[in-house]
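Student: Got a structure for you, questions after.
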Amino acid sequence: MIVRCLYASRARTALTLSMIEDILDKSRTKNPSSGITGILCYSGDIFIQVLEGGRDEVCELYNAIVRDDRHTQVRLLAFEEIRERKFCNWTMGHVDLAKINPSILLKYSERPVLNPFSCSGHATMALLDELVQQAAIATRMI
């Protein structure tokens with residue numbers, strides 16, 4: 001059985017390119033052997049991430065993220081059993097939301113800035129679906 005986990009968090013310290021690269025490198029190294037795929041979006045100090053894979057593997061990774069001292073205010077936005085993956089082409093794709101058209105963010109939230117803490121998990125997933133459709137996700141890895 002495969003599941004999808006959508007969560008948001010804030011970085012405990014200011015995000016740097018080095019921090020993002022470290023997270024992505026570790027994800028791309030560890031995720032394939034665990035059967036996990038997904039996407040990481042970030043803007044300012046906010047992360048949104050989708051993890052897809054086996055229930056045990058996704059739960060273990062999510063729990064590790066909750067305990068990771070780089071994150072604070074980790075909030076589960078959605079968790080569901082799924083028939084198929086949406087992000088199966090990425091061991092961990094990523095999007096710097098500061099580089100996309102703000103009107104896309106405004107379409108799914110109150111203001112044209114990323115704030116998954118003030119909108120529904122459904123709206124956040126719809127935003128991610130649109131980013132996939134617009135080919136905004138970087139580093140496609142099979």
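Letters for chains follow the order of the structure tokens (A, B, ...), residue numbers begin at 1 for each chain, and ligand numbers begin at 1 in the order shown.
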Can you pull out the residues contacting segment 60-65 of chain A? Cut-off 9 Å, using only C-alpha atoms, and skip same-chain residues under 4 positions away; I want them as a list in words.
Tutor: Cys5, Tyr7, Leu51, Arg55, Asp56, Asp69, Arg70, His71 and Val74 of chain A
Student: Write out as JSON, numbers by chain the residues lying within 12 Å of Cys41 of chain A, counting only C-alpha atoms and excluding same-chain residues fewer than 2 positions away.
Tutor: {"A": [6, 7, 8, 9, 10, 20, 23, 24, 38, 39, 43, 44, 45, 46, 47, 48, 49, 50, 51, 92, 93, 94, 95, 96, 97, 98, 99, 100, 114, 115, 116, 124, 125, 127, 128, 131, 132, 136, 137, 138]}
Student: Pull N, CA and C atoms from the residues just selected and write them as a compact mmCIF listing (two decimals), in the first residue's frame.
Tutor:
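Wrote it out as part09.txt, contents follow:
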```txt
# COMPACT_ATOMS: atom_id res chain seq x y z
N LEU A 6 1.55 15.11 3.06
CA LEU A 6 1.81 16.51 2.75
C LEU A 6 1.97 17.24 4.08
N TYR A 7 3.10 17.92 4.24
CA TYR A 7 3.31 18.67 5.46
C TYR A 7 3.95 20.02 5.15
N ALA A 8 3.86 20.90 6.13
CA ALA A 8 4.52 22.21 6.04
C ALA A 8 5.34 22.39 7.31
N SER A 9 6.38 23.18 7.20
CA SER A 9 7.19 23.51 8.38
C SER A 9 7.89 24.84 8.13
N ARG A 10 8.46 25.34 9.18
CA ARG A 10 9.31 26.53 9.08
C ARG A 10 10.74 26.14 9.41
N ILE A 20 19.42 23.98 1.56
CA ILE A 20 18.51 23.35 0.59
C ILE A 20 19.24 22.24 -0.15
N ILE A 23 19.63 19.14 2.07
CA ILE A 23 18.38 18.39 2.21
C ILE A 23 18.10 17.59 0.94
N LEU A 24 18.26 18.24 -0.22
CA LEU A 24 18.00 17.55 -1.49
C LEU A 24 18.98 16.42 -1.74
N GLY A 38 8.87 12.32 -4.18
CA GLY A 38 8.19 13.50 -3.67
C GLY A 38 8.70 14.80 -4.25
N ILE A 39 8.30 15.86 -3.56
CA ILE A 39 8.65 17.21 -3.98
C ILE A 39 8.84 18.07 -2.74
N SER A 43 10.05 28.75 0.31
CA SER A 43 10.01 30.19 0.08
C SER A 43 10.19 30.86 1.42
N GLY A 44 11.10 31.81 1.48
CA GLY A 44 11.39 32.44 2.77
C GLY A 44 11.86 31.37 3.74
N ASP A 45 11.16 31.24 4.87
CA ASP A 45 11.53 30.23 5.85
C ASP A 45 10.55 29.04 5.87
N ILE A 46 9.71 28.93 4.84
CA ILE A 46 8.66 27.91 4.81
C ILE A 46 9.02 26.78 3.86
N PHE A 47 8.77 25.57 4.33
CA PHE A 47 8.87 24.37 3.51
C PHE A 47 7.48 23.78 3.32
N ILE A 48 7.22 23.24 2.14
CA ILE A 48 6.09 22.35 1.91
C ILE A 48 6.72 21.12 1.25
N GLN A 49 6.34 19.95 1.75
CA GLN A 49 6.90 18.74 1.16
C GLN A 49 5.82 17.68 1.04
N VAL A 50 5.90 16.94 -0.07
CA VAL A 50 5.07 15.76 -0.28
C VAL A 50 6.02 14.56 -0.29
N LEU A 51 5.64 13.55 0.47
CA LEU A 51 6.37 12.28 0.49
C LEU A 51 5.40 11.20 0.04
N MET A 92 13.36 13.47 -5.34
CA MET A 92 12.97 14.65 -4.58
C MET A 92 13.11 15.87 -5.48
N GLY A 93 12.04 16.17 -6.22
CA GLY A 93 12.00 17.38 -7.02
C GLY A 93 11.92 18.59 -6.10
N HIS A 94 12.20 19.76 -6.63
CA HIS A 94 12.12 20.95 -5.77
C HIS A 94 11.69 22.17 -6.58
N VAL A 95 11.10 23.11 -5.84
CA VAL A 95 10.64 24.37 -6.43
C VAL A 95 10.97 25.49 -5.47
N ASP A 96 11.67 26.50 -5.95
CA ASP A 96 11.87 27.73 -5.18
C ASP A 96 10.70 28.63 -5.54
N LEU A 97 9.72 28.72 -4.65
CA LEU A 97 8.50 29.46 -4.96
C LEU A 97 8.72 30.96 -5.08
N ALA A 98 9.88 31.44 -4.63
CA ALA A 98 10.19 32.86 -4.81
C ALA A 98 10.41 33.18 -6.29
N LYS A 99 10.61 32.14 -7.09
CA LYS A 99 10.91 32.35 -8.51
C LYS A 99 9.71 32.11 -9.43
N ILE A 100 8.53 31.83 -8.86
CA ILE A 100 7.37 31.63 -9.72
C ILE A 100 6.49 32.87 -9.71
N LEU A 114 3.61 32.38 -0.08
CA LEU A 114 3.41 31.03 0.41
C LEU A 114 3.09 31.04 1.89
N ASN A 115 1.94 30.51 2.26
CA ASN A 115 1.59 30.35 3.66
C ASN A 115 0.65 29.15 3.81
N PRO A 116 1.21 27.95 3.80
CA PRO A 116 0.38 26.76 3.91
C PRO A 116 -0.31 26.63 5.27
N THR A 124 -3.26 23.47 -0.99
CA THR A 124 -1.81 23.31 -1.12
C THR A 124 -1.48 22.24 -2.15
N MET A 125 -2.22 21.13 -2.13
CA MET A 125 -1.98 20.07 -3.11
C MET A 125 -2.35 20.55 -4.52
N LEU A 127 -2.03 23.58 -5.60
CA LEU A 127 -0.89 24.41 -6.01
C LEU A 127 0.23 23.53 -6.54
N LEU A 128 0.54 22.46 -5.84
CA LEU A 128 1.61 21.56 -6.28
C LEU A 128 1.26 20.89 -7.60
N LEU A 131 1.98 23.33 -10.29
CA LEU A 131 3.42 23.46 -10.53
C LEU A 131 3.93 22.31 -11.39
N VAL A 132 3.40 21.11 -11.17
CA VAL A 132 3.78 19.97 -12.00
C VAL A 132 3.33 20.22 -13.44
N ALA A 136 7.30 23.43 -13.41
CA ALA A 136 8.06 24.31 -12.54
C ALA A 136 8.98 23.55 -11.61
N ILE A 137 8.88 22.23 -11.60
CA ILE A 137 9.68 21.43 -10.68
C ILE A 137 11.05 21.17 -11.29
N ALA A 138 12.06 21.43 -10.50
CA ALA A 138 13.45 21.27 -10.97
C ALA A 138 14.00 19.91 -10.56
```
Student: I need the residues of segment 3-141 of chain A that end up classed as helix (DSSP H, G or I) by DSSP on the backbone, written out as number ranges by chain.
Tutor: A: 17-34, 55-67, 97-99, 102-108, 116-118, 121-133
Student: Next, the residues of the selection above should be written as a PDB file, in the first residue's frame with C-alpha atoms.
Tutor:
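Output below, filename selection-v2.pdb:
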```
ATOM      1  CA  LEU A  17      21.262  27.548  -0.652  1.00  0.00           C
ATOM      2  CA  SER A  18      23.653  25.219   1.152  1.00  0.00           C
ATOM      3  CA  MET A  19      20.877  24.044   3.509  1.00  0.00           C
ATOM      4  CA  ILE A  20      18.509  23.348   0.593  1.00  0.00           C
ATOM      5  CA  GLU A  21      21.218  21.503  -1.340  1.00  0.00           C
ATOM      6  CA  ASP A  22      22.031  19.386   1.726  1.00  0.00           C
ATOM      7  CA  ILE A  23      18.380  18.391   2.209  1.00  0.00           C
ATOM      8  CA  LEU A  24      17.996  17.553  -1.489  1.00  0.00           C
ATOM      9  CA  ASP A  25      21.270  15.603  -1.646  1.00  0.00           C
ATOM     10  CA  LYS A  26      20.327  13.482   1.370  1.00  0.00           C
ATOM     11  CA  SER A  27      16.828  12.903  -0.009  1.00  0.00           C
ATOM     12  CA  ARG A  28      18.121  11.846  -3.403  1.00  0.00           C
ATOM     13  CA  THR A  29      20.623   9.491  -1.792  1.00  0.00           C
ATOM     14  CA  LYS A  30      18.307   7.838   0.750  1.00  0.00           C
ATOM     15  CA  ASN A  31      14.865   7.948  -0.873  1.00  0.00           C
ATOM     16  CA  PRO A  32      15.369   5.497  -3.756  1.00  0.00           C
ATOM     17  CA  SER A  33      16.270   2.593  -1.466  1.00  0.00           C
ATOM     18  CA  SER A  34      13.179   3.350   0.648  1.00  0.00           C
ATOM     19  CA  ARG A  55       3.163   3.611   4.708  1.00  0.00           C
ATOM     20  CA  ASP A  56       5.946   2.537   7.093  1.00  0.00           C
ATOM     21  CA  GLU A  57       8.695   4.262   5.108  1.00  0.00           C
ATOM     22  CA  VAL A  58       6.763   7.523   4.740  1.00  0.00           C
ATOM     23  CA  CYS A  59       5.769   7.545   8.421  1.00  0.00           C
ATOM     24  CA  GLU A  60       9.353   6.900   9.527  1.00  0.00           C
ATOM     25  CA  LEU A  61      10.686   9.693   7.308  1.00  0.00           C
ATOM     26  CA  TYR A  62       7.976  12.123   8.458  1.00  0.00           C
ATOM     27  CA  ASN A  63       8.772  11.315  12.098  1.00  0.00           C
ATOM     28  CA  ALA A  64      12.472  11.936  11.421  1.00  0.00           C
ATOM     29  CA  ILE A  65      11.590  15.319   9.904  1.00  0.00           C
ATOM     30  CA  VAL A  66       9.485  16.227  12.950  1.00  0.00           C
ATOM     31  CA  ARG A  67      12.528  15.465  15.147  1.00  0.00           C
ATOM     32  CA  LEU A  97       8.497  29.458  -4.956  1.00  0.00           C
ATOM     33  CA  ALA A  98      10.186  32.861  -4.810  1.00  0.00           C
ATOM     34  CA  LYS A  99      10.908  32.348  -8.512  1.00  0.00           C
ATOM     35  CA  PRO A 102       2.940  35.326  -7.539  1.00  0.00           C
ATOM     36  CA  SER A 103      -0.454  35.033  -9.226  1.00  0.00           C
ATOM     37  CA  ILE A 104      -0.151  31.241  -8.938  1.00  0.00           C
ATOM     38  CA  LEU A 105       0.155  31.561  -5.158  1.00  0.00           C
ATOM     39  CA  LEU A 106      -2.718  34.048  -5.033  1.00  0.00           C
ATOM     40  CA  LYS A 107      -4.926  31.561  -6.858  1.00  0.00           C
ATOM     41  CA  TYR A 108      -4.726  29.198  -3.861  1.00  0.00           C
ATOM     42  CA  PRO A 116       0.377  26.757   3.909  1.00  0.00           C
ATOM     43  CA  PHE A 117      -0.477  27.390   7.564  1.00  0.00           C
ATOM     44  CA  SER A 118      -3.470  29.508   6.534  1.00  0.00           C
ATOM     45  CA  GLY A 121      -4.264  20.843   2.500  1.00  0.00           C
ATOM     46  CA  HIS A 122      -6.448  20.514  -0.620  1.00  0.00           C
ATOM     47  CA  ALA A 123      -5.482  24.022  -1.781  1.00  0.00           C
ATOM     48  CA  THR A 124      -1.809  23.312  -1.118  1.00  0.00           C
ATOM     49  CA  MET A 125      -1.983  20.070  -3.115  1.00  0.00           C
ATOM     50  CA  ALA A 126      -3.770  21.902  -5.944  1.00  0.00           C
ATOM     51  CA  LEU A 127      -0.892  24.411  -6.007  1.00  0.00           C
ATOM     52  CA  LEU A 128       1.610  21.557  -6.281  1.00  0.00           C
ATOM     53  CA  ASP A 129      -0.441  19.925  -9.041  1.00  0.00           C
ATOM     54  CA  GLU A 130      -0.342  23.189 -10.985  1.00  0.00           C
ATOM     55  CA  LEU A 131       3.416  23.459 -10.527  1.00  0.00           C
ATOM     56  CA  VAL A 132       3.775  19.968 -12.003  1.00  0.00           C
ATOM     57  CA  GLN A 133       1.569  20.910 -14.962  1.00  0.00           C
TER      58      GLN A 133
END
```
Student: Counting only C-alpha atoms, which of A:Thr91, A:Arg111, A:Thr37, A:Thr72 gets nearest to Arg4 of chain A?
Tutor: A:Thr37
Student: Please determine, counting only C-alpha atoms, which residue among A:Ala14, A:Cys88, A:Val113, A:Ile82 has the shortest atom-to-atom distance to Ile36 of chain A.
Tutor: A:Cys88
